[in-house]
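Next comes entry-v8.cif, a file with mmCIF, C-alpha atoms.
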data_run
loop_
_atom_site.label_atom_id
_atom_site.label_comp_id
_atom_site.auth_asym_id
_atom_site.auth_seq_id
_atom_site.Cartn_x
_atom_site.Cartn_y
_atom_site.Cartn_z
CA MET A 21 10.87 3.17 1.05
CA LYS A 22 9.00 2.09 4.17
CA LYS A 23 8.08 4.95 6.50
CA VAL A 24 8.91 4.06 10.11
CA LEU A 25 7.76 6.15 13.06
CA LEU A 26 9.44 5.86 16.46
CA THR A 27 8.20 7.33 19.70
CA GLY A 28 10.75 7.95 22.45
CA ALA A 29 13.32 8.27 19.68
CA ASN A 30 15.53 10.64 21.68
CA GLY A 31 16.02 8.13 24.49
CA TYR A 32 18.95 5.83 25.23
CA LEU A 33 17.50 2.92 23.28
CA GLY A 34 15.53 4.90 20.71
CA SER A 35 18.50 6.76 19.28
CA HIS A 36 20.26 3.46 18.53
CA VAL A 37 17.19 1.99 16.81
CA VAL A 38 16.91 5.16 14.71
CA GLU A 39 20.56 4.84 13.66
CA PHE A 40 20.12 1.20 12.62
CA LEU A 41 17.03 1.98 10.53
CA LEU A 42 18.67 4.95 8.83
CA ASN A 43 21.77 2.91 8.00
CA ASN A 44 19.52 0.33 6.34
CA GLY A 45 17.71 2.78 4.10
CA TYR A 46 14.41 3.42 5.88
CA ASP A 47 12.48 6.69 5.98
CA VAL A 48 12.64 7.38 9.72
CA HIS A 49 10.32 9.79 11.53
CA CYS A 50 10.98 10.47 15.20
CA VAL A 51 8.48 11.67 17.79
CA ASP A 52 9.74 13.10 21.07
CA LEU A 53 9.85 16.32 23.05
CA CYS A 54 13.50 17.02 22.15
CA ASN A 55 15.98 15.83 19.54
CA SER A 56 19.42 16.14 21.18
CA ASN A 57 20.25 12.46 20.51
CA ILE A 58 18.41 11.98 17.22
CA PRO A 59 20.53 11.81 14.04
CA SER A 60 19.89 14.77 11.72
CA ARG A 61 19.12 12.37 8.84
CA ALA A 62 15.82 11.47 10.54
CA ARG A 63 12.75 13.67 10.43
CA PHE A 64 11.98 15.03 13.90
CA ILE A 65 8.41 15.66 15.06
CA ASN A 66 8.09 17.61 18.29
CA LYS A 67 4.79 16.35 19.67
CA ASN A 68 3.32 15.23 22.98
CA ILE A 69 1.72 11.88 22.16
CA PHE A 70 -0.07 11.88 25.53
CA GLU A 71 -2.37 14.66 24.34
CA PHE A 72 -5.52 12.83 23.21
CA ASN A 73 -5.94 13.16 19.45
CA GLU A 74 -8.21 10.92 17.39
CA ASN A 75 -6.47 12.09 14.20
CA ILE A 76 -2.96 11.37 15.46
CA TYR A 77 -2.25 8.73 12.78
CA LYS A 78 -2.89 11.23 9.99
CA ASP A 79 -1.11 14.04 11.84
CA LEU A 80 2.00 11.86 12.18
CA GLY A 81 2.13 11.16 8.45
CA GLU A 82 0.34 7.78 8.26
CA PRO A 83 3.45 5.62 8.86
CA ASP A 84 3.76 2.04 7.61
CA LEU A 85 5.21 0.95 10.95
CA LEU A 86 5.11 2.34 14.48
CA ILE A 87 7.77 1.34 17.02
CA HIS A 88 6.53 2.59 20.39
CA LEU A 89 9.52 2.97 22.70
CA ALA A 90 8.36 6.00 24.68
CA TRP A 91 8.21 5.37 28.42
CA ARG A 92 8.97 7.69 31.31
CA LYS A 93 11.27 6.71 34.20
CA GLY A 94 12.03 3.22 32.93
CA PHE A 95 14.88 2.78 35.42
CA ALA A 96 12.78 3.97 38.40
CA HIS A 97 10.74 0.82 38.78
CA ASN A 98 8.33 2.08 41.42
CA ALA A 99 7.74 5.59 40.08
CA LEU A 100 4.05 6.48 40.21
CA GLU A 101 4.17 7.82 36.64
CA HIS A 102 4.12 4.25 35.28
CA MET A 103 0.49 3.78 36.26
CA SER A 104 -0.64 7.38 35.75
CA ASP A 105 0.68 7.29 32.15
CA LEU A 106 -0.88 3.91 31.32
CA SER A 107 -4.17 5.20 29.87
CA ALA A 108 -2.33 7.78 27.76
CA HIS A 109 -0.19 5.05 26.18
CA PHE A 110 -3.29 2.98 25.44
CA ASP A 111 -5.27 5.93 24.02
CA PHE A 112 -2.41 6.96 21.75
CA LEU A 113 -1.96 3.46 20.35
CA HIS A 114 -5.71 2.91 20.02
CA ASN A 115 -6.06 6.11 18.00
CA MET A 116 -3.14 5.10 15.77
CA LEU A 117 -4.86 1.78 15.08
CA LYS A 118 -8.23 3.43 14.43
CA GLY A 119 -6.51 5.77 11.97
CA GLY A 120 -5.27 2.86 9.90
CA LEU A 121 -1.95 1.66 11.33
CA LYS A 122 -1.27 -1.94 10.21
CA ASN A 123 2.12 -2.70 11.77
CA LEU A 124 2.78 -2.02 15.45
CA SER A 125 5.64 -2.89 17.78
CA VAL A 126 5.67 -1.92 21.46
CA MET A 127 8.62 -2.21 23.82
CA GLY A 128 8.00 -4.45 26.80
CA SER A 129 10.17 -5.71 29.65
CA MET A 130 11.06 -8.94 31.40
CA HIS A 131 9.91 -7.15 34.58
CA GLU A 132 6.34 -7.90 33.44
CA VAL A 133 6.97 -11.47 34.56
CA GLY A 134 8.08 -10.72 38.11
CA TYR A 135 9.92 -13.32 40.15
CA HIS A 136 10.77 -16.26 37.93
CA ILE A 137 13.63 -18.75 37.83
CA GLY A 138 14.86 -19.99 34.47
CA LYS A 139 13.76 -19.37 30.91
CA ILE A 140 10.98 -16.91 30.07
CA ASP A 141 8.92 -17.62 26.97
CA GLU A 142 5.75 -16.05 25.58
CA PHE A 143 3.58 -18.34 27.73
CA THR A 144 5.31 -17.70 31.07
CA PRO A 145 2.72 -16.41 33.60
CA CYS A 146 3.16 -12.76 34.57
CA LYS A 147 3.07 -11.69 38.21
CA PRO A 148 4.88 -8.34 38.15
CA MET A 149 6.29 -7.00 41.41
CA SER A 150 6.98 -3.36 40.53
CA GLN A 151 4.91 -0.45 39.24
CA TYR A 152 6.94 -0.55 36.03
CA GLY A 153 6.27 -4.24 35.48
CA ILE A 154 2.60 -3.91 36.40
CA ALA A 155 2.06 -1.07 33.92
CA LYS A 156 3.91 -2.79 31.08
CA ASN A 157 2.00 -6.02 31.66
CA ALA A 158 -1.33 -4.16 31.77
CA LEU A 159 -0.59 -2.42 28.46
CA GLN A 160 0.40 -5.68 26.77
CA THR A 161 -2.75 -7.40 28.01
CA ALA A 162 -5.02 -4.51 26.97
CA LEU A 163 -3.48 -4.16 23.50
CA SER A 164 -3.56 -7.90 22.82
CA GLU A 165 -7.25 -8.04 23.71
CA LEU A 166 -8.09 -4.93 21.66
CA ILE A 167 -6.17 -6.00 18.55
CA GLY A 168 -7.49 -9.55 18.74
CA ARG A 169 -11.04 -8.22 18.87
CA GLU A 170 -11.07 -5.13 16.64
CA PHE A 171 -7.88 -5.06 14.55
CA LYS A 172 -7.23 -8.63 13.51
CA ASP A 173 -5.39 -7.58 10.34
CA VAL A 174 -2.72 -5.71 12.32
CA SER A 175 0.75 -7.20 12.79
CA PHE A 176 1.36 -6.68 16.52
CA LYS A 177 4.69 -7.39 18.18
CA TRP A 178 5.32 -7.00 21.91
CA LEU A 179 9.13 -6.81 22.19
CA ARG A 180 10.18 -7.99 25.64
CA GLY A 181 13.57 -6.54 26.56
CA TYR A 182 16.01 -7.89 29.12
CA TYR A 183 19.24 -6.34 30.47
CA ILE A 184 20.89 -3.84 28.14
CA CYS A 185 24.54 -2.84 28.25
CA GLY A 186 26.73 -0.61 26.10
CA ASP A 187 26.80 3.15 25.41
CA ASP A 188 27.04 3.33 29.17
CA GLU A 189 27.64 7.08 29.42
CA ASN A 190 24.12 7.66 28.11
CA SER A 191 22.28 4.98 30.06
CA SER A 192 20.99 4.87 33.63
CA SER A 193 22.21 1.33 34.29
CA ILE A 194 24.59 0.04 36.93
CA PHE A 195 27.39 0.45 34.38
CA SER A 196 26.76 4.18 34.01
CA LYS A 197 26.63 4.52 37.81
CA ILE A 198 30.02 2.80 38.12
CA LEU A 199 31.51 5.19 35.57
CA ALA A 200 30.10 8.16 37.49
CA ALA A 201 31.51 6.81 40.76
CA GLU A 202 34.93 6.34 39.12
CA ARG A 203 34.89 9.96 37.92
CA ASN A 204 34.03 11.09 41.45
CA GLY A 205 37.05 9.27 42.83
CA GLN A 206 35.21 6.55 44.73
CA LYS A 207 37.35 3.55 45.66
CA LEU A 208 34.42 1.21 46.41
CA PHE A 209 31.07 0.80 44.69
CA PRO A 210 28.27 -0.50 46.96
CA PHE A 211 26.95 -3.68 45.39
CA THR A 212 24.60 -6.59 45.91
CA SER A 213 25.80 -10.18 46.26
CA GLY A 214 26.19 -10.22 42.48
CA LYS A 215 25.15 -13.86 42.32
CA SER A 216 21.97 -13.38 40.29
CA LYS A 217 22.26 -14.36 36.63
CA TYR A 218 20.73 -12.17 33.93
CA ASP A 219 20.29 -12.10 30.16
CA PHE A 220 22.55 -9.26 28.95
CA LEU A 221 22.50 -7.85 25.44
CA PRO A 222 24.59 -4.98 23.96
CA VAL A 223 22.52 -1.96 22.97
CA SER A 224 23.70 -2.32 19.36
CA GLU A 225 22.35 -5.88 19.21
CA ILE A 226 19.00 -5.20 20.90
CA SER A 227 18.50 -2.21 18.59
CA LYS A 228 19.02 -4.51 15.62
CA GLN A 229 16.62 -7.08 17.08
CA ILE A 230 13.96 -4.43 17.75
CA ALA A 231 14.22 -3.05 14.22
CA LEU A 232 14.20 -6.40 12.40
CA ALA A 233 11.42 -7.87 14.55
CA SER A 234 9.32 -4.77 13.90
CA LEU A 235 9.84 -4.61 10.15
CA GLN A 236 8.70 -8.18 9.49
CA THR A 237 5.05 -9.26 9.81
CA GLU A 238 5.16 -13.07 9.85
CA ILE A 239 6.16 -13.59 13.51
CA ASN A 240 3.89 -11.76 15.93
CA GLY A 241 2.94 -11.68 19.60
CA ILE A 242 5.49 -11.61 22.42
CA ILE A 243 9.04 -11.69 21.07
CA ASN A 244 11.98 -11.83 23.47
CA CYS A 245 14.79 -9.47 22.49
CA CYS A 246 17.56 -11.30 24.27
CA SER A 247 20.68 -13.47 24.08
CA GLY A 248 19.06 -16.62 25.43
CA THR A 249 21.77 -17.10 28.08
CA ALA A 250 22.23 -15.99 31.70
CA VAL A 251 25.46 -14.50 33.09
CA PRO A 252 26.15 -13.72 36.79
CA LEU A 253 25.85 -10.00 37.48
CA ALA A 254 29.17 -9.96 39.34
CA GLU A 255 30.96 -11.58 36.39
CA LYS A 256 29.51 -9.03 33.98
CA VAL A 257 30.36 -6.03 36.15
CA GLU A 258 33.86 -7.25 37.05
CA SER A 259 34.52 -7.75 33.34
CA PHE A 260 33.26 -4.23 32.65
CA ILE A 261 35.66 -2.80 35.25
CA ARG A 262 38.63 -4.77 33.86
CA GLU A 263 37.95 -3.90 30.23
CA ARG A 264 37.93 -0.18 31.04
CA ASN A 265 40.89 -0.31 33.42
CA LEU A 266 38.86 1.31 36.19
CA ASN A 267 40.30 1.72 39.68
CA ILE A 268 37.01 1.27 41.51
CA ARG A 269 36.19 -2.05 43.18
CA LEU A 270 32.89 -3.68 44.10
CA ASP A 271 31.84 -3.62 47.75
CA TYR A 272 29.79 -6.82 47.87
CA GLY A 273 26.75 -7.20 50.10
CA LYS A 274 26.10 -3.52 50.78
CA PHE A 275 22.70 -3.69 49.07
CA PRO A 276 20.21 -6.56 49.27
CA ASP A 277 19.05 -8.22 46.09
CA ARG A 278 15.66 -6.84 45.01
CA PRO A 279 12.74 -9.15 45.90
CA TYR A 280 11.67 -9.39 42.24
CA ASP A 281 15.15 -10.28 40.94
CA SER A 282 15.42 -14.02 40.51
CA PRO A 283 18.59 -16.11 40.99
CA GLU A 284 18.62 -16.84 37.26
CA VAL A 285 16.47 -15.52 34.43
CA TYR A 286 16.87 -15.45 30.66
CA GLY A 287 14.72 -15.21 27.57
CA ASP A 288 13.66 -17.86 25.09
CA ASN A 289 15.32 -16.58 21.92
CA GLY A 290 13.59 -18.95 19.49
CA LYS A 291 11.47 -16.30 17.76
CA ILE A 292 14.18 -13.67 17.47
CA LYS A 293 16.70 -16.23 16.16
CA LYS A 294 14.27 -17.15 13.39
CA ILE A 295 13.72 -13.47 12.53
CA LEU A 296 17.47 -12.85 12.36
CA GLN A 297 18.01 -15.97 10.23
CA ASN A 298 15.20 -14.95 7.85
CA ASN A 299 16.80 -11.54 7.47
CA LYS A 300 20.12 -13.12 6.47
CA GLY A 301 18.33 -15.14 3.79
#
Could the structure of this file be written out as C-alpha cells, please?
Amino acid sequence: MKKVLLTGANGYLGSHVVEFLLNNGYDVHCVDLCNSNIPSRARFINKNIFEFNENIYKDLGEPDLLIHLAWRKGFAHNALEHMSDLSAHFDFLHNMLKGGLKNLSVMGSMHEVGYHIGKIDEFTPCKPMSQYGIAKNALQTALSELIGREFKDVSFKWLRGYYICGDDENSSSIFSKILAAERNGQKLFPFTSGKSKYDFLPVSEISKQIALASLQTEINGIINCCSGTAVPLAEKVESFIRERNLNIRLDYGKFPDRPYDSPEVYGDNGKIKKILQNNKG
C-alpha cells in the first residue's frame, strides 16, 4: 500500500483529496495544525511544517508521495503572508527532497499567470498581478530549478488549479458568500458585471484529478487541473441560485472586475485527460 502524505489536509480542498485517496485504498497521512475536517480513517500528524527541520522526511514517516496543499489565506490574494511564508514552503520541500522523497506534487494556481485571454498551457508566460500569484509562481520556479539541478530522479508535478465549486458551505468562494447573504436575509448580492468567463471544476472532480495526477510518475511538470472550457461567471452563479431555490438576486455592476481577471481564461486539459484515461485503462 502506497503511503501518501498530505499537507494542508484539514482545508477545504485537502479534506476532499484525503477522502478520495482513502476510498481508493491508500495509506493516508495528514499533516495540519487541526483535524476537524479530516476523516478518522486517515492518520493525523499535528505538526508545524514551517518549523525548519532537516530531518522532516524521516519524522513524517518517509512517505512514498507528498501532496503539498498547505497554503495560508488562499482566498485573500493580496495578503502579505503569501510572500512571508514563501521561504518556509521552499525550505520544507527542500528538506523533504534531501531526506529521500521521490514523488512530489505541489498545488499551484492559474493566478500565477496573471492577466491572460484564452487557453493557459504549461508554456504560457507568467506575469502574476497579486501577492498570491507572485508567491505561487516564485515557488514553482524555485522548485523546478532545484529539482532539475539536484533531484533529477524525482517525479515533480505542479498542479495548477482553476476555479473550484461545490461543498460551498465550507469554502470561501463567491458561492459560500451568496449562501451566507441568503441566510442573513439579503435581497441583493453586490456583483461584478459577471461577463468574465472562467474554468470551473467541482471540488469532487479536482480532488480526483489532484490525486490521480500525483500518484502517477510518467507525466510531470505543470499539469492543469481543469475542465478545459470557460463559462461566464454570471451564468454559473445564476445557475447556482436557481438550483438551490435561493431568493437572493445579483446586483450587477456594484463591484468592478479585478484588474487581473481576464475576459476569458481556461486551462489546457491535455495532460490531465491523458492521466484520467490511463487510470481507466
Across A:Ile295, A:Cys50, A:Ile137, A:Ala158, the smallest distance to Leu232 (chain A), with all atoms listed in the file counted, is shown by A:Ile295
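Distance check against Asn98 (chain A) using all atoms listed in the file: of A:Gly153, A:Leu199, A:Met127, A:Lys67, the minimum falls on A:Gly153.
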Just so the selection is clear, what residues does the PyMOL selection byres ((chain A and resi 257) around 10) cover here, as a CSV table (one decimal) with C-alpha atoms, in the coordinates of the input?
chain,number,residue,atom,x,y,z
A,194,ILE,CA,24.6,0.0,36.9
A,195,PHE,CA,27.4,0.4,34.4
A,198,ILE,CA,30.0,2.8,38.1
A,214,GLY,CA,26.2,-10.2,42.5
A,252,PRO,CA,26.2,-13.7,36.8
A,253,LEU,CA,25.8,-10.0,37.5
A,254,ALA,CA,29.2,-10.0,39.3
A,255,GLU,CA,31.0,-11.6,36.4
A,256,LYS,CA,29.5,-9.0,34.0
A,258,GLU,CA,33.9,-7.2,37.0
A,259,SER,CA,34.5,-7.8,33.3
A,260,PHE,CA,33.3,-4.2,32.6
A,261,ILE,CA,35.7,-2.8,35.2
A,262,ARG,CA,38.6,-4.8,33.9
A,263,GLU,CA,38.0,-3.9,30.2
A,269,ARG,CA,36.2,-2.0,43.2
A,270,LEU,CA,32.9,-3.7,44.1
Top pick for closest residue to Ser227 (chain A), considering A:Lys139, A:Asn265, A:Ile184, A:Asp84 and counting only C-alpha atoms: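 Counting only C-alpha atoms, the residue closest to Ser227 (chain A) is A:Ile184.
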(Q) List as number ranges by chain the protein and nucleic acid residues near region 278-288 of chain A, meaning an atom at most 10 Å away when all atoms listed in the file are counted, but skip any in the same chain fewer than 3 places from it. (A) A: 130-131, 133-142, 147-150, 180-183, 212, 214-220, 243-253, 275, 291-293
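Taking all atoms listed in the file into account, the polymer residues that have an atom no farther than 12 Å from (-4.1, -9.6, 12.4) are Leu117, Leu121, Lys122, Asn123, Leu124, Ser164, Glu165, Leu166, Ile167, Gly168, Arg169, Glu170, Phe171, Lys172, Asp173, Val174, Ser175, Phe176, Lys177, Thr237, Glu238, Ile239, Asn240 and Gly241 of chain A.
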In terms of the shortest atom-to-atom distance over only C-alpha atoms, which of A:Ala233, A:Ala90, A:Ala200, A:Leu266 is closest to Gln297 (chain A)?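 For Gln297 (chain A), the nearest of the given residues is A:Ala233.
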Could you give me, as a PyMOL selection string, the residues within 12 Å of region 190-192 of chain A, counting all atoms listed in the file and dropping anything in the same chain fewer than 3 positions from it?
-> chain A and resi 30-36+56-57+93-96+183-187+195-200+222-223
Between A:Lys300, A:His49, A:Asp271, A:Asn157, single out the one closest to Ser213 (chain A), counting all atoms listed in the file.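 For Ser213 (chain A), the nearest of the given residues is A:Asp271.
Among A:Lys22, A:Lys78, A:Lys274, A:His109, the residue with the shortest atom-to-atom distance to Tyr46 (chain A), counting all atoms listed in the file, is A:Lys22.
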As a check of understanding: the span from CA of Glu39 (chain A) to CA of Ile69 (chain A) is 21.8 Å
Query raised in the report: Mind pulling up the distance from CA of Asn55 (chain A) to CA of Ser234 (chain A)?
Result: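 One can read the CA of Ser234 (chain A) to CA of Asn55 (chain A) distance as 22.4 Å.
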| field | Gap from CA of Val24 (chain A) to CA of Pro83 (chain A) - Å, one decimal | value |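 Between these atoms lies a distance of 5.8 Å.
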Near Leu163 (chain A), counting all atoms listed in the file, which residues have an atom at most 9 Å away, once you skip same-chain residues fewer than 6 positions from it, shown as a list in words?
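That gives Phe110, Leu113, His114 and Phe176 of chain A.
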| field | Residue members of the PyMOL selection byres ((chain A and resi 116) around 9) in the file shown, as a ChimeraX atom specification | value | /A:74-78,82,86,111-115,117-121
